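Participant: Please see the structure below; I have some questions.
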Amino acid sequence: MGLALLLLIWAITLVSTYFFAIHKWWLPAAASAQAPAIDHQFMITYVAMAFVFLAAQLGLGLFVWKYRDRGSKSQVQYSHGNIKLEAVWTLLTAILFIGLNLAGSKIWAANRFEPAHAGAVPVEVTGMQFQWYFRYPGADGKYGRTKPDLVDPSAGGEGAVGLDTADPAAKDDVITNTLLLPVNREVDLTLRSQDVIHSFFVPSMRFKQDAVPGLMIHMHFTPDKVGEYEIACAELCGLGHYRMHGVLKVVSQEDFDKWLAQREAEKQ
């Protein structure tokens with residue numbers, strides 16, 4: 001029985017590892033300049049965890065065989081354990097997890113704490129139950145003033161973000177439900193929420209960041225492939241969470257300029 005269980009454990013372990021290894025990738029095709037570094041970190045994590053998984057499962061099978069019931073030949077003995085061995089694997093586990101955390105934090109911090117470069121496209125992302133709104137500051141490069149008492153989710157557009165139309169800087173603000181960005185140009189996002197915590201998630205850009213009520217969170221990334229990409233909310237934000245999604249369209253700089261000029265002209 002011990003041998004059969006050993007073979008079963010090892011078979012399940014090796015077969016599952018094989019199918020995991022031959023899978024090309026677990027994420028959608030990357031479409032941002034930051035994606036390669038993030039994907040590399042994912043791969044390091046996968047390889048490290050695969051080693052731990054194999055060592056643990058193969059060891060489990062071995063111990064099932066070694067310490068199987070041998071009837072009257074088996075002698076029950078009390079064991080206090082091996083303190084040195086426990087200290088070693090605890091230390092190795094700590095080094096592994098702290099090391100992965102530090103490596104991942106460095107990549108994340110590059111998009112969080114370092115400011116966007118000059119010339120980045122400014123876009124404000126507002127999340128509310130259950131819709132994303134995107135605001136561009138227009139030709140003056142300044143966002144118009146917003147006020148909480150002006151927020152009206154049912155109005156959409158200016159009302160949804162609480163835009164104060166009496167502010168001169170608000171005259172050329174463009175508010176849309178679709179995020180349009182030029183390719184190969186950095187975007188400087190300002191994330192905010194009107195109600196609960198939402199999470200702005202664009203898998204193809206390898207970008208995810210919470211939008212928190214009361215906070216203005218700055219992040220940045222650079223799309224490097226033209227196309228349409230899904231925007232999701234990765235935080236359970238209410239009963240309508242399932243339908244809180246949007247579209248990111250990455251276009252040429254020329255098409256972006258034409259689109260933005262057209263939207264600004266419509267406000268005149």
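In the structure tokens, the first chain shown is A, the next is B, and so on; residue numbers restart at 1 for each chain, and ligands run from 1 in the order shown.
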Env of A:Arg185: 12 Å cut, atoms = only C-alpha atoms, seq-sep filter 6 positions within chain, self excluded. Answer as number ranges by chain.
Facilitator: A: 32-33, 116-122, 220-226, 250-253, 256
Participant: Would you give me, as a PyMOL selection string, the residues in stretch 158-263 of chain A that DSSP reads as strand (DSSP E)?
Facilitator: chain A and resi 174-176+179-182+187-193+198-202+207-211+217-221+227-233+245-251
Participant: Compile the contact shell of stretch 166-180 of chain A as an MDAnalysis selection string: residues with an atom at most 8 Å away, counting only C-alpha atoms, same-chain residues fewer than 2 positions apart removed.
Facilitator: chainID A and resid 131:140 142:145 157:158 163:164 182 246:251 256 260 263:264 267
Participant: Go through A:Arg243, A:Asp257, A:Met128, A:Glu235 and flag the residue nearest A:Gln194, using only C-alpha atoms for the distances.
Facilitator: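 Under the stated criterion, the closest residue is A:Met128.
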Participant: Apply DSSP to the backbone of this structure and, from stretch 139-232 of chain A, keep only the residues in alpha helix (DSSP H); write these as number ranges by chain.
Facilitator: A: 157-161
Participant: Would you output that residue set with C-alpha atoms, as a PDB file, in the first residue's frame?
Facilitator:
```pdb
ATOM      1  CA  GLY A 157     -19.602  62.488 -17.835  1.00  0.00           C
ATOM      2  CA  GLU A 158     -19.039  65.764 -15.995  1.00  0.00           C
ATOM      3  CA  GLY A 159     -21.615  64.923 -13.346  1.00  0.00           C
ATOM      4  CA  ALA A 160     -20.036  61.553 -12.619  1.00  0.00           C
ATOM      5  CA  VAL A 161     -16.693  63.095 -11.680  1.00  0.00           C
TER       6      VAL A 161
END
```
Participant: Please compute the atom CA of A:Pro28-atom CA of A:Met216 distance, one decimal, in Å.
Facilitator: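 It comes out at 28.5 Å.
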Participant: Of the candidates A:Leu189, A:Leu7, A:Leu181, A:Ile12, which shows the shortest atom-to-atom distance to A:Ile217, using only C-alpha atoms?
Facilitator: A:Leu189
Participant: Just want the 12 Å neighbourhood of A:Val196, counted on only C-alpha atoms, with same-chain residues fewer than 3 positions away dropped. Output as a PyMOL selection string.
Facilitator: chain A and resi 126-130+192-193+199+210-215+233+235-238+241
Participant: Kindly indicate which residue among A:Asp188, A:Gln57, A:Gln77, A:Ala31 lies nearest to A:Tyr229, using only C-alpha atoms for the distances.
Facilitator: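 Smallest separation from A:Tyr229 among the options: A:Ala31.
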